[in-house]
>>> print(open('model_19.cif').read())   # mmCIF, C-alpha atoms (C1' of nucleotides)
data_query
loop_
_atom_site.label_atom_id
_atom_site.label_comp_id
_atom_site.auth_asym_id
_atom_site.auth_seq_id
_atom_site.Cartn_x
_atom_site.Cartn_y
_atom_site.Cartn_z
CA MET E 1 -40.60 50.85 57.96
CA VAL E 2 -37.90 49.20 60.04
CA HIS E 3 -36.56 47.56 56.91
CA VAL E 4 -36.32 50.96 55.22
CA LEU E 5 -34.71 52.63 58.23
CA THR E 6 -32.19 49.81 58.45
CA LEU E 7 -31.21 50.18 54.81
CA LEU E 8 -30.84 53.94 55.24
CA GLY E 9 -28.85 53.44 58.42
CA LYS E 10 -26.33 51.22 56.70
CA ALA E 11 -25.98 53.42 53.64
CA ASN E 12 -24.63 56.91 54.17
CA HIS E 13 -26.01 58.34 50.97
CA PRO E 14 -29.53 58.77 49.53
CA LEU E 15 -31.27 55.56 48.45
CA SER E 16 -33.92 55.72 45.73
CA SER E 17 -37.38 54.24 46.13
CA ARG E 18 -36.54 51.90 43.27
CA TRP E 19 -33.46 50.62 45.07
CA ILE E 20 -35.27 50.16 48.38
CA ALA E 21 -38.17 48.42 46.62
CA GLY E 22 -35.63 45.91 45.29
CA SER E 23 -34.65 44.90 48.81
CA VAL E 24 -38.17 44.88 50.23
CA ASN E 25 -39.55 43.19 47.12
CA THR E 26 -42.38 45.57 46.41
CA ASN E 27 -43.30 48.49 44.19
CA PRO E 28 -41.40 51.81 44.37
CA VAL E 29 -44.67 53.67 44.92
CA VAL E 30 -45.34 51.66 48.07
CA VAL E 31 -41.88 52.65 49.29
CA ARG E 32 -42.48 56.30 48.53
CA GLN E 33 -45.68 56.18 50.58
CA ILE E 34 -43.85 54.59 53.50
CA VAL E 35 -40.94 57.01 53.21
CA GLY E 36 -43.44 59.86 53.08
CA ARG E 37 -44.80 58.92 56.48
CA LEU E 38 -41.27 58.71 57.89
CA ARG E 39 -40.59 62.15 56.49
CA ASP E 40 -43.78 63.51 58.08
CA VAL E 41 -42.27 62.75 61.50
CA ALA E 42 -38.85 64.02 60.44
CA LEU E 43 -37.04 60.69 60.67
CA VAL E 44 -35.83 60.96 57.06
CA ASP E 45 -35.24 63.62 54.45
CA THR E 46 -36.19 63.10 50.82
CA ILE E 47 -34.32 64.64 47.94
CA PRO E 48 -35.81 64.93 44.45
CA GLY E 49 -33.75 64.85 41.30
CA SER E 50 -31.48 62.46 39.56
CA THR E 51 -29.16 61.91 42.53
CA GLY E 52 -31.99 62.03 45.05
CA GLY E 53 -33.60 59.53 47.38
CA ALA E 54 -34.14 59.17 51.12
CA ILE E 55 -31.63 59.64 53.92
CA LEU E 56 -31.82 59.55 57.72
CA THR E 57 -32.00 62.84 59.60
CA LYS E 58 -30.19 61.46 62.66
CA ASP E 59 -27.95 58.69 63.89
CA PRO E 60 -29.42 55.15 63.86
CA ALA E 61 -28.65 55.02 67.59
CA GLN E 62 -31.05 57.92 68.10
CA ILE E 63 -34.00 56.25 66.35
CA THR E 64 -36.00 53.68 68.33
CA LEU E 65 -38.68 51.21 67.34
CA LYS E 66 -41.05 53.27 69.48
CA ASP E 67 -40.85 55.95 66.81
CA VAL E 68 -42.05 53.44 64.25
CA TYR E 69 -44.64 51.93 66.57
CA GLN E 70 -46.28 55.27 67.15
CA LEU E 71 -46.63 55.72 63.40
CA THR E 72 -48.26 52.37 62.76
CA LYS E 73 -50.29 51.45 65.82
CA GLU E 74 -54.03 51.31 65.68
CA GLU E 75 -56.17 53.59 67.78
CA THR E 76 -56.74 50.80 70.29
CA PHE E 77 -54.11 48.17 70.91
CA PHE E 78 -56.48 45.31 70.13
CA GLY E 79 -59.68 45.71 68.16
CA LEU E 80 -63.07 46.37 69.61
CA HIS E 81 -66.14 44.90 67.99
CA PRO E 82 -67.27 47.25 65.20
CA ASN E 83 -70.77 47.61 66.67
CA GLU E 84 -71.66 49.57 69.79
CA PRO E 85 -72.73 47.20 72.58
CA ASN E 86 -76.23 47.42 74.01
CA PRO E 87 -76.42 50.53 76.25
CA TYR E 88 -79.30 49.03 78.25
CA CYS E 89 -77.11 46.12 79.42
CA PRO E 90 -74.94 46.82 82.48
CA VAL E 91 -72.12 44.86 80.84
CA GLY E 92 -72.62 46.26 77.35
CA ARG E 93 -72.53 49.87 78.49
CA ASN E 94 -69.24 49.52 80.41
CA ILE E 95 -67.21 46.79 78.72
CA GLN E 96 -65.54 49.03 76.15
CA ALA E 97 -64.29 51.56 78.68
CA VAL E 98 -62.81 48.76 80.80
CA LEU E 99 -61.18 47.10 77.79
CA ILE E 100 -59.72 50.35 76.52
CA GLU E 101 -58.09 50.80 79.92
CA VAL E 102 -56.45 47.38 79.55
CA PHE E 103 -55.38 48.22 76.01
CA GLU E 104 -53.68 51.40 77.11
CA GLN E 105 -51.88 49.54 79.86
CA MET E 106 -50.46 47.06 77.30
CA ASP E 107 -49.72 49.87 74.90
CA ARG E 108 -47.52 51.65 77.43
CA LEU E 109 -45.72 48.41 78.22
CA VAL E 110 -44.86 47.77 74.58
CA GLU E 111 -44.04 51.36 73.83
CA ASP E 112 -41.57 51.54 76.71
CA ALA E 113 -39.89 48.31 75.64
CA LEU E 114 -39.64 49.37 72.00
CA GLY E 115 -38.19 52.69 73.13
CA GLU E 116 -35.14 50.74 74.32
CA ILE E 117 -34.46 49.18 70.91
CA THR E 118 -32.69 51.38 68.37
CA VAL E 119 -32.22 51.02 64.65
CA ALA E 120 -28.51 50.68 65.44
CA ASP E 121 -29.37 47.63 67.56
CA ILE E 122 -31.27 46.12 64.64
CA ILE E 123 -28.28 46.69 62.36
CA THR E 124 -25.99 45.03 64.91
CA GLN E 125 -28.23 42.00 65.26
CA MET E 126 -28.45 41.68 61.51
CA ALA E 127 -24.69 41.82 61.17
CA GLN E 128 -24.42 39.00 63.71
CA ARG E 129 -26.81 36.86 61.71
CA GLU E 130 -24.87 37.65 58.56
CA THR E 131 -21.68 36.47 60.27
CA MET E 132 -23.35 33.27 61.43
CA ARG E 133 -24.41 32.69 57.83
CA ALA E 134 -20.81 32.95 56.66
CA HIS E 135 -19.69 30.34 59.20
CA THR E 136 -22.00 27.57 58.00
CA MET S 1 -64.65 37.16 73.82
CA VAL S 2 -64.05 39.12 77.01
CA HIS S 3 -67.54 40.54 76.71
CA VAL S 4 -68.97 37.03 76.48
CA LEU S 5 -66.90 35.69 79.36
CA THR S 6 -67.95 38.65 81.50
CA LEU S 7 -71.63 38.01 80.83
CA LEU S 8 -71.21 34.33 81.65
CA GLY S 9 -69.24 35.19 84.78
CA LYS S 10 -72.02 37.39 86.10
CA ALA S 11 -74.79 34.94 85.27
CA ASN S 12 -74.73 31.60 87.00
CA HIS S 13 -76.88 29.81 84.47
CA PRO S 14 -76.61 29.09 80.73
CA LEU S 15 -77.00 32.12 78.44
CA SER S 16 -78.26 31.59 74.90
CA SER S 17 -76.47 32.92 71.84
CA ARG S 18 -79.54 35.05 71.18
CA TRP S 19 -79.36 36.62 74.61
CA ILE S 20 -75.61 37.29 74.36
CA ALA S 21 -76.01 38.73 70.88
CA GLY S 22 -78.47 41.23 72.36
CA SER S 23 -75.80 42.58 74.70
CA VAL S 24 -72.98 42.55 72.16
CA ASN S 25 -75.26 43.90 69.42
CA THR S 26 -74.50 41.33 66.76
CA ASN S 27 -75.94 38.19 65.20
CA PRO S 28 -76.41 35.00 67.27
CA VAL S 29 -74.37 33.04 64.73
CA VAL S 30 -71.37 35.28 65.34
CA VAL S 31 -71.76 34.58 69.05
CA ARG S 32 -71.95 30.83 68.47
CA GLN S 33 -68.70 31.01 66.49
CA ILE S 34 -67.00 32.92 69.29
CA VAL S 35 -68.39 30.62 71.95
CA GLY S 36 -67.27 27.65 69.89
CA ARG S 37 -63.66 28.82 70.07
CA LEU S 38 -63.98 29.31 73.82
CA ARG S 39 -65.34 25.80 74.11
CA ASP S 40 -62.44 24.42 72.05
CA VAL S 41 -60.08 25.53 74.82
CA ALA S 42 -62.46 24.36 77.55
CA LEU S 43 -63.24 27.78 78.99
CA VAL S 44 -66.98 27.25 78.52
CA ASP S 45 -69.44 24.40 78.15
CA THR S 46 -72.28 24.58 75.66
CA ILE S 47 -75.61 22.87 76.25
CA PRO S 48 -78.05 22.19 73.42
CA GLY S 49 -81.79 22.12 73.85
CA SER S 50 -84.49 24.45 74.96
CA THR S 51 -82.88 25.42 78.27
CA GLY S 52 -79.35 25.36 76.83
CA GLY S 53 -76.71 27.96 76.21
CA ALA S 54 -73.15 28.61 77.32
CA ILE S 55 -71.72 28.49 80.83
CA LEU S 56 -68.22 28.91 82.30
CA THR S 57 -66.29 25.80 83.23
CA LYS S 58 -64.42 27.51 86.04
CA ASP S 59 -64.46 30.47 88.39
CA PRO S 60 -64.04 33.93 86.75
CA ALA S 61 -61.03 34.42 89.05
CA GLN S 62 -59.37 31.44 87.35
CA ILE S 63 -59.71 32.84 83.82
CA THR S 64 -57.21 35.46 82.67
CA LEU S 65 -57.07 37.71 79.64
CA LYS S 66 -54.00 35.73 78.63
CA ASP S 67 -56.33 32.83 77.86
CA VAL S 68 -58.24 35.05 75.46
CA TYR S 69 -55.11 36.64 74.03
CA GLN S 70 -53.68 33.28 73.08
CA LEU S 71 -56.85 32.50 71.17
CA THR S 72 -56.91 35.69 69.17
CA LYS S 73 -53.34 36.78 68.60
CA GLU S 74 -51.84 36.72 65.17
CA GLU S 75 -48.91 34.48 64.33
CA THR S 76 -46.56 37.44 64.70
CA PHE S 77 -47.28 40.27 67.10
CA PHE S 78 -47.09 42.89 64.38
CA GLY S 79 -47.45 42.17 60.70
CA LEU S 80 -44.61 41.45 58.34
CA HIS S 81 -44.80 42.59 54.76
CA PRO S 82 -46.67 39.92 52.76
CA ASN S 83 -43.79 39.52 50.28
CA GLU S 84 -40.52 37.76 50.99
CA PRO S 85 -37.67 40.29 51.03
CA ASN S 86 -34.83 40.01 48.53
CA PRO S 87 -32.58 37.07 49.60
CA TYR S 88 -29.61 38.58 47.77
CA CYS S 89 -29.66 41.68 49.99
CA PRO S 90 -27.83 41.36 53.33
CA VAL S 91 -30.63 43.34 54.96
CA GLY S 92 -33.49 41.64 53.12
CA ARG S 93 -32.34 38.16 54.00
CA ASN S 94 -32.08 38.84 57.77
CA ILE S 95 -34.61 41.53 58.62
CA GLN S 96 -37.55 39.18 59.17
CA ALA S 97 -35.69 36.96 61.61
CA VAL S 98 -34.58 39.98 63.63
CA LEU S 99 -38.06 41.48 63.65
CA ILE S 100 -39.69 38.21 64.68
CA GLU S 101 -37.33 38.14 67.66
CA VAL S 102 -38.55 41.60 68.67
CA PHE S 103 -42.16 40.54 68.15
CA GLU S 104 -41.76 37.54 70.43
CA GLN S 105 -40.16 39.72 73.09
CA MET S 106 -43.20 42.06 73.05
CA ASP S 107 -45.54 39.11 72.92
CA ARG S 108 -44.13 37.66 76.13
CA LEU S 109 -44.37 41.04 77.81
CA VAL S 110 -48.05 41.43 76.96
CA GLU S 111 -48.89 37.83 77.68
CA ASP S 112 -47.38 38.02 81.15
CA ALA S 113 -49.24 41.22 81.92
CA LEU S 114 -52.56 39.88 80.67
CA GLY S 115 -52.00 36.74 82.72
CA GLU S 116 -52.38 38.92 85.81
CA ILE S 117 -55.82 40.23 84.82
CA THR S 118 -58.75 37.90 85.49
CA VAL S 119 -62.33 37.98 84.25
CA ALA S 120 -63.26 38.55 87.90
CA ASP S 121 -61.15 41.73 87.80
CA ILE S 122 -63.03 42.90 84.72
CA ILE S 123 -66.35 42.27 86.47
CA THR S 124 -65.16 44.24 89.48
CA GLN S 125 -64.03 47.18 87.38
CA MET S 126 -67.30 47.17 85.53
CA ALA S 127 -69.26 47.17 88.77
CA GLN S 128 -67.26 50.21 89.89
CA ARG S 129 -68.13 52.07 86.70
CA GLU S 130 -71.75 51.10 87.14
CA THR S 131 -71.69 52.55 90.65
CA MET S 132 -70.11 55.77 89.40
CA ARG S 133 -72.87 55.99 86.83
CA ALA S 134 -75.50 55.82 89.60
CA HIS S 135 -73.86 58.67 91.50
CA THR S 136 -74.07 61.22 88.68
"C1'" DC R 1 -32.27 69.93 27.98
"C1'" DG R 2 -32.66 65.17 29.17
"C1'" DA R 3 -32.32 61.49 32.54
"C1'" DT R 4 -33.89 60.30 36.85
"C1'" DA R 5 -35.59 61.25 41.15
"C1'" DT R 6 -39.99 62.28 44.38
"C1'" DG R 7 -45.27 63.24 45.29
"C1'" DT R 8 -49.66 61.75 44.66
"C1'" DA R 9 -54.07 60.36 42.63
"C1'" DA R 10 -56.92 56.65 40.79
"C1'" DG R 11 -58.25 52.05 39.54
"C1'" DT R 12 -57.68 47.07 40.50
"C1'" DA R 13 -57.01 42.83 43.19
"C1'" DA R 14 -56.57 40.08 47.29
"C1'" DT R 15 -57.67 39.32 52.10
"C1'" DA R 16 -60.12 39.49 56.32
"C1'" DT R 17 -64.24 40.20 59.04
"C1'" DG R 18 -68.82 40.37 60.09
"C1'" DT R 19 -73.75 39.49 58.61
"C1'" DT R 20 -77.43 36.76 57.34
"C1'" DT R 21 -80.07 32.74 55.80
"C1'" DA R 22 -80.66 27.98 56.10
"C1'" DC R 23 -80.79 23.55 57.96
"C1'" DA R 24 -79.26 19.38 60.67
"C1'" DT R 25 -79.11 17.91 65.46
"C1'" DA R 26 -80.05 17.73 70.45
"C1'" DT R 27 -82.96 18.36 74.69
"C1'" DA R 28 -86.41 19.94 78.21
"C1'" DT R 29 -91.25 20.35 78.91
"C1'" DG R 30 -96.16 19.80 78.53
"C1'" DC M 1 -94.06 11.74 72.10
"C1'" DA M 2 -94.50 16.10 69.79
"C1'" DT M 3 -93.10 20.79 69.95
"C1'" DA M 4 -90.45 24.73 71.02
"C1'" DT M 5 -85.97 26.21 71.43
"C1'" DA M 6 -81.29 25.58 71.86
"C1'" DT M 7 -76.42 24.62 69.41
"C1'" DG M 8 -73.23 23.48 65.16
"C1'" DT M 9 -71.96 24.69 60.81
"C1'" DA M 10 -71.93 25.75 55.88
"C1'" DA M 11 -72.55 29.14 52.23
"C1'" DA M 12 -73.50 33.53 50.06
"C1'" DC M 13 -73.02 38.39 50.53
"C1'" DA M 14 -71.29 43.02 51.97
"C1'" DT M 15 -67.69 45.92 53.64
"C1'" DA M 16 -63.07 47.56 54.96
"C1'" DT M 17 -58.25 47.30 54.60
"C1'" DT M 18 -54.04 46.72 52.23
"C1'" DA M 19 -51.00 46.30 48.58
"C1'" DC M 20 -50.18 46.73 43.60
"C1'" DT M 21 -49.88 49.18 39.44
"C1'" DT M 22 -50.26 52.82 36.02
"C1'" DA M 23 -49.97 57.50 35.15
"C1'" DC M 24 -48.39 62.03 35.39
"C1'" DA M 25 -46.87 66.52 37.53
"C1'" DT M 26 -42.75 68.42 39.65
"C1'" DA M 27 -37.87 68.98 40.95
"C1'" DT M 28 -32.80 68.53 40.34
"C1'" DC M 29 -28.17 67.16 38.71
"C1'" DG M 30 -24.93 67.00 34.97
#
>>> encode(input="model_19.cif", output="structure tokens")
Amino acid sequence: MVHVLTLLGKANHPLSSRWIAGSVNTNPVVVRQIVGRLRDVALVDTIPGSTGGAILTKDPAQITLKDVYQLTKEETFFGLHPNEPNPYCPVGRNIQAVLIEVFEQMDRLVEDALGEITVADIITQMAQRETMRAHT
Amino acid sequence: MVHVLTLLGKANHPLSSRWIAGSVNTNPVVVRQIVGRLRDVALVDTIPGSTGGAILTKDPAQITLKDVYQLTKEETFFGLHPNEPNPYCPVGRNIQAVLIEVFEQMDRLVEDALGEITVADIITQMAQRETMRAHT
DNA sequence: CGATATGTAAGTAATATGTTTACATATATG
DNA sequence: CATATATGTAAACATATTACTTACATATCG
């Protein structure tokens, strides 16, 4: 998703799923599914037709990685064991609640930090790397 | 893993994989695999024989969730797309390096925070919940 | 009207995770 | 010293997730 948002942030015109798929190295349908989720939260607009494609709805400086994180994160930050622990064990019947509390603590930490990183920042960092490449 | 360490921290004698599996609600073999990884990093000792089982090597207050996190975390904090991006695209050829930098930033954040939470803390929080349970 | 987009469903393949059976090995206890 | 009961580990199986791919309906520009 960040890859897609970065491409759209650098271009100022609609990019087709075929074009994006060429940069990501995947199938256009996979891109359309990803773009669809970005459209669901109004980060991009999609335009059908022969000159269509996807385009950002706001400035790259107004989109943060927190927006993407919230779209992709699992229910709990880490995974719990798929089975319910034994409710007759004093540890089993409380461990999940305690762990979920820890998860949410970490989740807030990461979310806050990602909220400070914008797509514009990513574009800047990539430009720097591109410059370094030219100098070697 | 935290579940297992918590059980071992409350008991002061070896617990068998069968016993632990009863609390976690899984198969003893799964427990032995988990315990094996904890033994590899010297958090527990395992004792074969009829009175054997697993036991902590140090005080629960000396074991942090960072120890567990380091055992279970993926190579990169979030996942990258399985395919290599297009190296002929200025975005494709730099995006992964930039994202990995972000991942490592988040990783350090979480690791530091988890380093402040001990297994003893988890046991305390669980005891509090158990008390609350009794009062309702 | 035709070329070229998006939207979406359906079938396939690859990967990861947990489960279960099986058996070799080690140890305390009667 | 024999037996019961642990751990260590391999292998086969089931299940869930994810990406890939084909296919086709729909929309829009020129």
>>> interface_residues(input="model_19.cif", of="chain E", to="chain M", cutoff="6 Å", atoms="only C-alpha atoms (C1' of nucleotides)", output="list in words")
Pro48, Gly49 and Ser50 of chain E
>>> atom_distance(input="model_19.cif", atom1="CA of Arg129 in chain E", atom2="CA of Asn94 in chain S")
6.9 Å
>>> atom_distance(input="model_19.cif", atom1="CA of Pro14 in chain S", atom2="CA of Leu71 in chain S")
22.2 Å
>>> interface_residues(input="model_19.cif", of="chain E", to="chain S", cutoff="8 Å", atoms="all atoms listed in the file", output="PDB file with C-alpha atoms, keeping the file's coordinate frame")
ATOM      1  CA  HIS E   3     -36.560  47.560  56.910  1.00  0.00           C
ATOM      2  CA  THR E   6     -32.190  49.810  58.450  1.00  0.00           C
ATOM      3  CA  LEU E   7     -31.210  50.180  54.810  1.00  0.00           C
ATOM      4  CA  GLY E  22     -35.630  45.910  45.290  1.00  0.00           C
ATOM      5  CA  SER E  23     -34.650  44.900  48.810  1.00  0.00           C
ATOM      6  CA  VAL E  24     -38.170  44.880  50.230  1.00  0.00           C
ATOM      7  CA  ASN E  25     -39.550  43.190  47.120  1.00  0.00           C
ATOM      8  CA  THR E  26     -42.380  45.570  46.410  1.00  0.00           C
ATOM      9  CA  ASN E  83     -70.770  47.610  66.670  1.00  0.00           C
ATOM     10  CA  GLU E  84     -71.660  49.570  69.790  1.00  0.00           C
ATOM     11  CA  PRO E  85     -72.730  47.200  72.580  1.00  0.00           C
ATOM     12  CA  ASN E  86     -76.230  47.420  74.010  1.00  0.00           C
ATOM     13  CA  CYS E  89     -77.110  46.120  79.420  1.00  0.00           C
ATOM     14  CA  PRO E  90     -74.940  46.820  82.480  1.00  0.00           C
ATOM     15  CA  VAL E  91     -72.120  44.860  80.840  1.00  0.00           C
ATOM     16  CA  GLY E  92     -72.620  46.260  77.350  1.00  0.00           C
ATOM     17  CA  ASN E  94     -69.240  49.520  80.410  1.00  0.00           C
ATOM     18  CA  ILE E  95     -67.210  46.790  78.720  1.00  0.00           C
ATOM     19  CA  VAL E  98     -62.810  48.760  80.800  1.00  0.00           C
ATOM     20  CA  MET E 106     -50.460  47.060  77.300  1.00  0.00           C
ATOM     21  CA  LEU E 109     -45.720  48.410  78.220  1.00  0.00           C
ATOM     22  CA  VAL E 110     -44.860  47.770  74.580  1.00  0.00           C
ATOM     23  CA  ALA E 113     -39.890  48.310  75.640  1.00  0.00           C
ATOM     24  CA  ILE E 122     -31.270  46.120  64.640  1.00  0.00           C
ATOM     25  CA  GLN E 125     -28.230  42.000  65.260  1.00  0.00           C
ATOM     26  CA  MET E 126     -28.450  41.680  61.510  1.00  0.00           C
ATOM     27  CA  ARG E 129     -26.810  36.860  61.710  1.00  0.00           C
ATOM     28  CA  GLU E 130     -24.870  37.650  58.560  1.00  0.00           C
TER      29      GLU E 130
END
>>> interface_residues(input="model_19.cif", of="chain R", to="chain S", cutoff="10 Å", atoms="only C-alpha atoms (C1' of nucleotides)", output="PDB file with C-alpha atoms (C1' of nucleotides), keeping the file's coordinate frame")
ATOM      1  C1'  DG R  18     -68.820  40.370  60.090  1.00  0.00           C
ATOM      2  C1'  DT R  19     -73.750  39.490  58.610  1.00  0.00           C
ATOM      3  C1'  DT R  20     -77.430  36.760  57.340  1.00  0.00           C
ATOM      4  C1'  DT R  25     -79.110  17.910  65.460  1.00  0.00           C
ATOM      5  C1'  DA R  26     -80.050  17.730  70.450  1.00  0.00           C
ATOM      6  C1'  DT R  27     -82.960  18.360  74.690  1.00  0.00           C
ATOM      7  C1'  DA R  28     -86.410  19.940  78.210  1.00  0.00           C
ATOM      8  C1'  DT R  29     -91.250  20.350  78.910  1.00  0.00           C
TER       9       DT R  29
END
>>> atom_distance(input="model_19.cif", atom1="CA of Asp121 in chain S", atom2="CA of Val31 in chain S")
22.7 Å
>>> decode(input="model_19.cif", residues="range 59-99 of chain S", atoms="C-alpha atoms", output="PDB file, in the first residue's frame")
ATOM      1  CA  ASP S  59      13.548 -15.189  38.678  1.00  0.00           C
ATOM      2  CA  PRO S  60      10.324 -14.124  36.849  1.00  0.00           C
ATOM      3  CA  ALA S  61      11.338 -10.525  37.610  1.00  0.00           C
ATOM      4  CA  GLN S  62      14.471 -11.056  35.506  1.00  0.00           C
ATOM      5  CA  ILE S  63      12.595 -12.229  32.405  1.00  0.00           C
ATOM      6  CA  THR S  64      11.001  -9.598  30.168  1.00  0.00           C
ATOM      7  CA  LEU S  65       8.594  -9.829  27.258  1.00  0.00           C
ATOM      8  CA  LYS S  66      11.447  -8.530  25.127  1.00  0.00           C
ATOM      9  CA  ASP S  67      13.101 -11.916  25.579  1.00  0.00           C
ATOM     10  CA  VAL S  68      10.020 -13.571  24.124  1.00  0.00           C
ATOM     11  CA  TYR S  69       9.574 -10.965  21.412  1.00  0.00           C
ATOM     12  CA  GLN S  70      13.074 -11.535  20.105  1.00  0.00           C
ATOM     13  CA  LEU S  71      12.317 -15.233  19.785  1.00  0.00           C
ATOM     14  CA  THR S  72       9.105 -14.818  17.853  1.00  0.00           C
ATOM     15  CA  LYS S  73       9.398 -11.696  15.750  1.00  0.00           C
ATOM     16  CA  GLU S  74       9.571 -11.903  12.011  1.00  0.00           C
ATOM     17  CA  GLU S  75      12.631 -10.751  10.110  1.00  0.00           C
ATOM     18  CA  THR S  76      10.871  -7.490   9.287  1.00  0.00           C
ATOM     19  CA  PHE S  77       8.335  -5.956  11.627  1.00  0.00           C
ATOM     20  CA  PHE S  78       5.643  -5.862   8.961  1.00  0.00           C
ATOM     21  CA  GLY S  79       5.679  -7.962   5.836  1.00  0.00           C
ATOM     22  CA  LEU S  80       7.109  -6.899   2.526  1.00  0.00           C
ATOM     23  CA  HIS S  81       5.514  -8.068  -0.677  1.00  0.00           C
ATOM     24  CA  PRO S  82       6.976 -11.495  -1.550  1.00  0.00           C
ATOM     25  CA  ASN S  83       8.115 -10.319  -5.002  1.00  0.00           C
ATOM     26  CA  GLU S  84      11.069  -8.059  -5.679  1.00  0.00           C
ATOM     27  CA  PRO S  85       9.852  -4.695  -6.996  1.00  0.00           C
ATOM     28  CA  ASN S  86      10.863  -3.514 -10.455  1.00  0.00           C
ATOM     29  CA  PRO S  87      14.549  -2.419 -10.314  1.00  0.00           C
ATOM     30  CA  TYR S  88      14.067  -0.134 -13.311  1.00  0.00           C
ATOM     31  CA  CYS S  89      11.508   1.986 -11.445  1.00  0.00           C
ATOM     32  CA  PRO S  90      12.942   4.729  -9.197  1.00  0.00           C
ATOM     33  CA  VAL S  91      10.283   3.904  -6.620  1.00  0.00           C
ATOM     34  CA  GLY S  92      10.496   0.128  -6.976  1.00  0.00           C
ATOM     35  CA  ARG S  93      14.239   0.029  -6.501  1.00  0.00           C
ATOM     36  CA  ASN S  94      14.213   2.064  -3.253  1.00  0.00           C
ATOM     37  CA  ILE S  95      10.902   1.422  -1.529  1.00  0.00           C
ATOM     38  CA  GLN S  96      11.995  -1.691   0.347  1.00  0.00           C
ATOM     39  CA  ALA S  97      15.066  -0.066   1.861  1.00  0.00           C
ATOM     40  CA  VAL S  98      12.996   2.886   3.050  1.00  0.00           C
ATOM     41  CA  LEU S  99      10.290   0.656   4.498  1.00  0.00           C
TER      42      LEU S  99
END
